[in-house]
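Content type mmCIF, C-alpha atoms, from the file entry_11.cif:
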```cif
data_upload
#
loop_
_atom_site.group_PDB
_atom_site.id
_atom_site.type_symbol
_atom_site.label_atom_id
_atom_site.label_comp_id
_atom_site.auth_asym_id
_atom_site.auth_seq_id
_atom_site.Cartn_x
_atom_site.Cartn_y
_atom_site.Cartn_z
ATOM 1 C CA MET A 108 0.000 0.000 0.000
ATOM 2 C CA GLU A 109 1.334 3.434 -0.933
ATOM 3 C CA LYS A 110 1.909 6.087 1.662
ATOM 4 C CA PRO A 111 -0.220 9.219 1.181
ATOM 5 C CA THR A 112 1.832 12.256 0.327
ATOM 6 C CA ALA A 113 1.066 15.773 1.399
ATOM 7 C CA THR A 114 0.188 18.294 -1.283
ATOM 8 C CA PRO A 115 2.834 20.998 -1.293
ATOM 9 C CA ARG A 116 1.632 24.453 -0.358
ATOM 10 C CA PRO A 117 2.289 27.205 -2.871
ATOM 11 C CA LYS A 118 5.277 29.301 -2.002
ATOM 12 C CA ALA A 119 4.546 32.888 -1.095
ATOM 13 C CA GLU A 120 6.456 35.655 -2.725
ATOM 14 C CA ALA A 121 6.780 39.283 -1.723
ATOM 15 C CA THR A 122 4.710 41.623 -3.886
ATOM 16 C CA SER A 123 6.635 44.759 -3.004
ATOM 17 C CA SER A 124 9.595 45.887 -0.971
ATOM 18 C CA ASP A 125 7.411 45.566 2.133
ATOM 19 C CA SER A 126 8.086 41.992 3.275
ATOM 20 C CA SER A 127 4.861 41.879 5.363
ATOM 21 C CA LYS A 128 2.760 41.640 2.174
ATOM 22 C CA THR A 129 2.733 38.240 0.558
ATOM 23 C CA VAL A 130 0.665 36.763 -2.228
ATOM 24 C CA ALA A 131 0.486 33.110 -3.190
ATOM 25 C CA ASN A 132 1.850 32.290 -6.642
ATOM 26 C CA ASN A 133 -1.490 30.974 -7.882
ATOM 27 C CA VAL A 134 -3.509 34.168 -7.156
ATOM 28 C CA SER A 135 -3.994 36.394 -10.172
ATOM 29 C CA ALA A 136 -2.996 40.048 -10.135
ATOM 30 C CA LYS A 137 -6.615 40.955 -10.998
ATOM 31 C CA ASN A 138 -7.915 39.200 -7.858
ATOM 32 C CA VAL A 139 -5.263 40.861 -5.700
ATOM 33 C CA SER A 140 -6.238 44.252 -7.147
ATOM 34 C CA THR A 141 -9.957 43.601 -6.543
ATOM 35 C CA ILE A 142 -9.414 42.557 -2.919
ATOM 36 C CA THR A 143 -7.047 45.445 -2.230
ATOM 37 C CA GLY A 144 -9.565 47.866 -3.762
ATOM 38 C CA PHE A 145 -12.352 46.489 -1.581
ATOM 39 C CA PHE A 146 -10.321 46.985 1.597
ATOM 40 C CA GLN A 147 -9.384 50.524 0.568
ATOM 41 C CA ASN A 148 -13.060 51.343 -0.135
ATOM 42 C CA VAL A 149 -14.067 50.283 3.380
ATOM 43 C CA GLY A 150 -11.259 52.311 4.921
ATOM 44 C CA VAL A 151 -8.609 49.640 5.506
ATOM 45 C CA SER A 152 -5.143 50.363 4.253
ATOM 46 C CA HIS A 153 -1.576 49.927 5.375
ATOM 47 C CA THR A 154 -1.191 53.705 5.660
ATOM 48 C CA ASN A 155 -3.970 54.070 8.263
ATOM 49 C CA SER A 156 -2.650 54.634 11.732
ATOM 50 C CA LEU A 157 -4.446 55.426 14.946
ATOM 51 C CA PRO A 158 -3.651 58.569 16.902
ATOM 52 C CA ASP A 159 -1.745 57.997 20.142
ATOM 53 C CA TYR A 160 -4.773 58.795 22.331
ATOM 54 C CA CYS A 161 -6.520 55.735 20.825
ATOM 55 C CA ASN A 162 -3.792 53.385 22.008
ATOM 56 C CA ASN A 163 -4.913 52.941 25.590
ATOM 57 C CA LYS A 164 -6.461 49.981 27.343
ATOM 58 C CA TYR A 165 -10.017 51.319 27.712
ATOM 59 C CA PHE A 166 -10.412 53.372 24.531
ATOM 60 C CA TYR A 167 -13.074 51.178 22.914
ATOM 61 C CA SER A 168 -14.955 50.618 26.170
ATOM 62 C CA ASN A 169 -15.154 54.391 26.667
ATOM 63 C CA ILE A 170 -16.665 54.848 23.187
ATOM 64 C CA ILE A 171 -19.370 52.321 24.049
ATOM 65 C CA ARG A 172 -20.065 53.731 27.524
ATOM 66 C CA HIS A 173 -20.688 57.189 26.062
ATOM 67 C CA ALA A 174 -23.285 55.750 23.658
ATOM 68 C CA LEU A 175 -25.249 53.885 26.389
ATOM 69 C CA LYS A 176 -27.732 55.426 28.804
ATOM 70 C CA PRO A 177 -29.388 53.263 31.470
ATOM 71 C CA ASP A 178 -33.168 53.628 31.475
ATOM 72 C CA GLN A 179 -34.412 51.089 34.019
ATOM 73 C CA VAL A 180 -32.569 48.769 36.404
ATOM 74 C CA LEU A 181 -34.458 46.059 38.269
ATOM 75 C CA ARG A 182 -33.419 42.741 39.758
ATOM 76 C CA GLY A 183 -32.869 40.500 36.724
ATOM 77 C CA ARG A 184 -33.865 43.185 34.176
ATOM 78 C CA LEU A 185 -32.093 46.077 32.560
ATOM 79 C CA THR A 186 -33.196 48.548 29.892
ATOM 80 C CA CYS A 187 -30.761 50.891 28.145
ATOM 81 C CA ILE A 188 -30.902 53.357 25.283
ATOM 82 C CA LEU A 189 -28.067 53.044 22.763
ATOM 83 C CA THR A 190 -27.335 55.919 20.413
ATOM 84 C CA VAL A 191 -25.596 54.514 17.337
ATOM 85 C CA THR A 192 -22.766 57.001 16.899
ATOM 86 C CA PRO A 193 -20.576 57.085 13.775
ATOM 87 C CA ALA A 194 -17.718 55.636 15.849
ATOM 88 C CA LEU A 195 -19.820 52.483 16.360
ATOM 89 C CA GLY A 196 -20.891 52.250 12.726
ATOM 90 C CA ASN A 197 -19.686 50.322 9.739
ATOM 91 C CA PHE A 198 -19.088 51.162 6.086
ATOM 92 C CA TYR A 199 -22.755 50.515 5.289
ATOM 93 C CA GLY A 200 -24.108 53.146 7.688
ATOM 94 C CA SER A 201 -25.367 50.871 10.438
ATOM 95 C CA LEU A 202 -24.149 49.477 13.765
ATOM 96 C CA HIS A 203 -20.954 47.472 13.309
ATOM 97 C CA GLY A 204 -21.174 43.809 14.320
ATOM 98 C CA GLY A 205 -18.081 44.049 16.510
ATOM 99 C CA SER A 206 -19.516 47.073 18.293
ATOM 100 C CA LEU A 207 -22.735 45.162 18.862
ATOM 101 C CA ALA A 208 -20.826 42.218 20.348
ATOM 102 C CA ALA A 209 -18.955 44.515 22.738
ATOM 103 C CA ILE A 210 -22.229 46.207 23.736
ATOM 104 C CA CYS A 211 -23.872 42.804 24.307
ATOM 105 C CA GLU A 212 -21.059 41.776 26.607
ATOM 106 C CA MET A 213 -21.091 45.015 28.590
ATOM 107 C CA VAL A 214 -24.885 45.183 29.032
ATOM 108 C CA SER A 215 -25.294 41.489 29.827
ATOM 109 C CA ILE A 216 -22.591 41.675 32.506
ATOM 110 C CA ALA A 217 -24.462 44.593 34.089
ATOM 111 C CA CYS A 218 -27.725 42.633 33.954
ATOM 112 C CA ALA A 219 -26.150 39.468 35.390
ATOM 113 C CA ARG A 220 -24.690 41.508 38.245
ATOM 114 C CA THR A 221 -28.227 42.391 39.357
ATOM 115 C CA VAL A 222 -28.694 38.767 40.482
ATOM 116 C CA VAL A 223 -25.192 37.321 40.991
ATOM 117 C CA ALA A 224 -23.652 38.078 44.373
ATOM 118 C CA GLU A 225 -20.667 40.407 44.552
ATOM 119 C CA ASP A 226 -18.542 37.673 46.138
ATOM 120 C CA LYS A 227 -18.637 35.688 42.866
ATOM 121 C CA ASP A 228 -16.592 36.387 39.775
ATOM 122 C CA ILE A 229 -18.398 35.904 36.484
ATOM 123 C CA PHE A 230 -16.856 35.326 33.110
ATOM 124 C CA LEU A 231 -18.369 35.065 29.671
ATOM 125 C CA GLY A 232 -18.581 31.473 28.497
ATOM 126 C CA ASP A 233 -20.774 31.791 25.406
ATOM 127 C CA MET A 234 -22.434 34.522 23.375
ATOM 128 C CA SER A 235 -24.711 34.211 20.367
ATOM 129 C CA ILE A 236 -26.066 37.124 18.344
ATOM 130 C CA SER A 237 -28.701 37.163 15.616
ATOM 131 C CA TYR A 238 -28.337 40.048 13.195
ATOM 132 C CA LEU A 239 -31.912 40.543 11.932
ATOM 133 C CA SER A 240 -31.589 44.039 10.436
ATOM 134 C CA GLY A 241 -29.294 47.027 10.783
ATOM 135 C CA ALA A 242 -29.658 49.887 13.232
ATOM 136 C CA PRO A 243 -28.788 53.069 11.285
ATOM 137 C CA ILE A 244 -26.228 55.652 12.396
ATOM 138 C CA ASN A 245 -27.685 58.277 14.796
ATOM 139 C CA ALA A 246 -30.673 56.046 15.637
ATOM 140 C CA ASP A 247 -31.671 55.311 19.203
ATOM 141 C CA VAL A 248 -31.946 51.620 20.024
ATOM 142 C CA ILE A 249 -33.799 50.243 23.048
ATOM 143 C CA ILE A 250 -31.941 47.347 24.669
ATOM 144 C CA ASP A 251 -34.115 45.073 26.800
ATOM 145 C CA CYS A 252 -32.006 42.655 28.784
ATOM 146 C CA SER A 253 -33.190 40.022 31.224
ATOM 147 C CA VAL A 254 -31.790 37.129 33.200
ATOM 148 C CA VAL A 255 -33.391 33.953 31.879
ATOM 149 C CA ARG A 256 -31.820 31.637 34.419
ATOM 150 C CA SER A 257 -29.381 32.037 37.253
ATOM 151 C CA GLY A 258 -28.072 29.188 39.317
ATOM 152 C CA ARG A 259 -25.072 28.326 41.410
ATOM 153 C CA ASN A 260 -22.727 27.891 38.432
ATOM 154 C CA LEU A 261 -24.394 29.545 35.413
ATOM 155 C CA THR A 262 -26.270 32.715 34.545
ATOM 156 C CA VAL A 263 -28.078 33.030 31.209
ATOM 157 C CA VAL A 264 -29.008 36.482 29.893
ATOM 158 C CA ALA A 265 -31.203 37.306 26.861
ATOM 159 C CA MET A 266 -31.281 40.635 25.017
ATOM 160 C CA GLU A 267 -33.429 42.324 22.376
ATOM 161 C CA PHE A 268 -32.380 45.409 20.431
ATOM 162 C CA LYS A 269 -35.249 47.431 18.911
ATOM 163 C CA VAL A 270 -34.948 50.630 16.877
ATOM 164 C CA LYS A 271 -36.812 53.203 18.984
ATOM 165 C CA LYS A 272 -38.338 55.148 16.084
ATOM 166 C CA THR A 273 -39.860 52.146 14.281
ATOM 167 C CA GLY A 274 -40.042 49.486 17.000
ATOM 168 C CA GLN A 275 -38.329 47.077 14.594
ATOM 169 C CA LEU A 276 -36.383 44.229 16.174
ATOM 170 C CA ALA A 277 -32.820 44.617 14.877
ATOM 171 C CA TYR A 278 -30.764 42.137 16.931
ATOM 172 C CA THR A 279 -31.203 39.454 19.549
ATOM 173 C CA ALA A 280 -28.469 38.031 21.741
ATOM 174 C CA ARG A 281 -27.927 35.459 24.455
ATOM 175 C CA THR A 282 -24.978 35.169 26.812
ATOM 176 C CA ILE A 283 -23.975 32.485 29.282
ATOM 177 C CA PHE A 284 -21.789 33.390 32.238
ATOM 178 C CA TYR A 285 -19.961 31.015 34.540
ATOM 179 C CA ASN A 286 -20.200 31.979 38.210
ATOM 180 C CA MET A 287 -17.008 31.368 40.155
ATOM 181 C CA PRO A 288 -16.599 31.828 43.902
ATOM 182 C CA ILE A 289 -13.595 33.926 44.803
ATOM 183 C CA ALA A 290 -10.823 31.778 46.285
ATOM 184 C CA LYS A 291 -10.069 32.585 49.928
ATOM 185 C CA ILE A 292 -6.441 31.850 50.639
#
```
For the file at hand, write its structure as structure tokens.
Amino acid sequence: MEKPTATPRPKAEATSSDSSKTVANNVSAKNVSTITGFFQNVGVSHTNSLPDYCNNKYFYSNIIRHALKPDQVLRGRLTCILTVTPALGNFYGSLHGGSLAAICEMVSIACARTVVAEDKDIFLGDMSISYLSGAPINADVIIDCSVVRSGRNLTVVAMEFKVKKTGQLAYTARTIFYNMPIAKI
């Protein structure tokens, strides 16, 4: 019986003097140009650099906090108003998916903390988001968040995001947190 042999990977070659850019030999120049053009159209390029004030640990969290306003806080329930600022938007003029994920995490932690004791650490174990429609830039979005289940080891939180002006459901999310007692040494 013959031994199976591995298919050799195409060698990468530098496309310019910048050695960080590589293109496989079997990719056409037209495809490279199309992909590069797409990234440039959405604002991604190797010449983009962030200002120094953006390079701090909490920069993105601060952008999100300024867009959120708590409306109602009850045990196991939380309602917030999110203003979709341009900083949270994407190329298509709606809330960016990564921004939404960060908002889901932040709001669900706040909601979980309404039922989980302070002496327990919680950490995010799972998050699922359904992107049903886009929330446009400058729109207000109502976030309804509630604890579905909270036990000794797990807390499950569900969220709905509705555009305030139309009442349209834009996103749904669910997070699962693991509850950990703080070690006493």
Report task. Starting from the shown file, work through the PyMOL selection byres ((chain A and resi 283) around 8) and note down what comes out as JSON, numbers by chain. Result -> {"A": [231, 232, 233, 234, 261, 262, 263, 264, 281, 282, 284, 285]}
Query - Residues matched by the PyMOL selection byres ((chain A and resi 173) around 12), written as JSON, numbers by chain - result: {"A": [166, 167, 168, 169, 170, 171, 172, 174, 175, 176, 177, 188, 189, 190, 191, 192, 194, 195, 210]}
Query - Distance of atom CA of Asp251 of chain A from atom CA of Glu225 of chain A, expressed in Å to one decimal place - result: 22.8 Å
Query raised in the report: Got a sec to resolve the PyMOL selection byres ((chain A and resi 221) around 9) on this structure and send the residues as a list of chain:residue names?
Result: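 Output of the PyMOL selection byres ((chain A and resi 221) around 9): A:Val180, A:Leu181, A:Arg182, A:Gly183, A:Arg184, A:Leu185, A:Ile216, A:Ala217, A:Cys218, A:Ala219, A:Arg220, A:Val222, A:Val223, A:Ala224, A:Val254.
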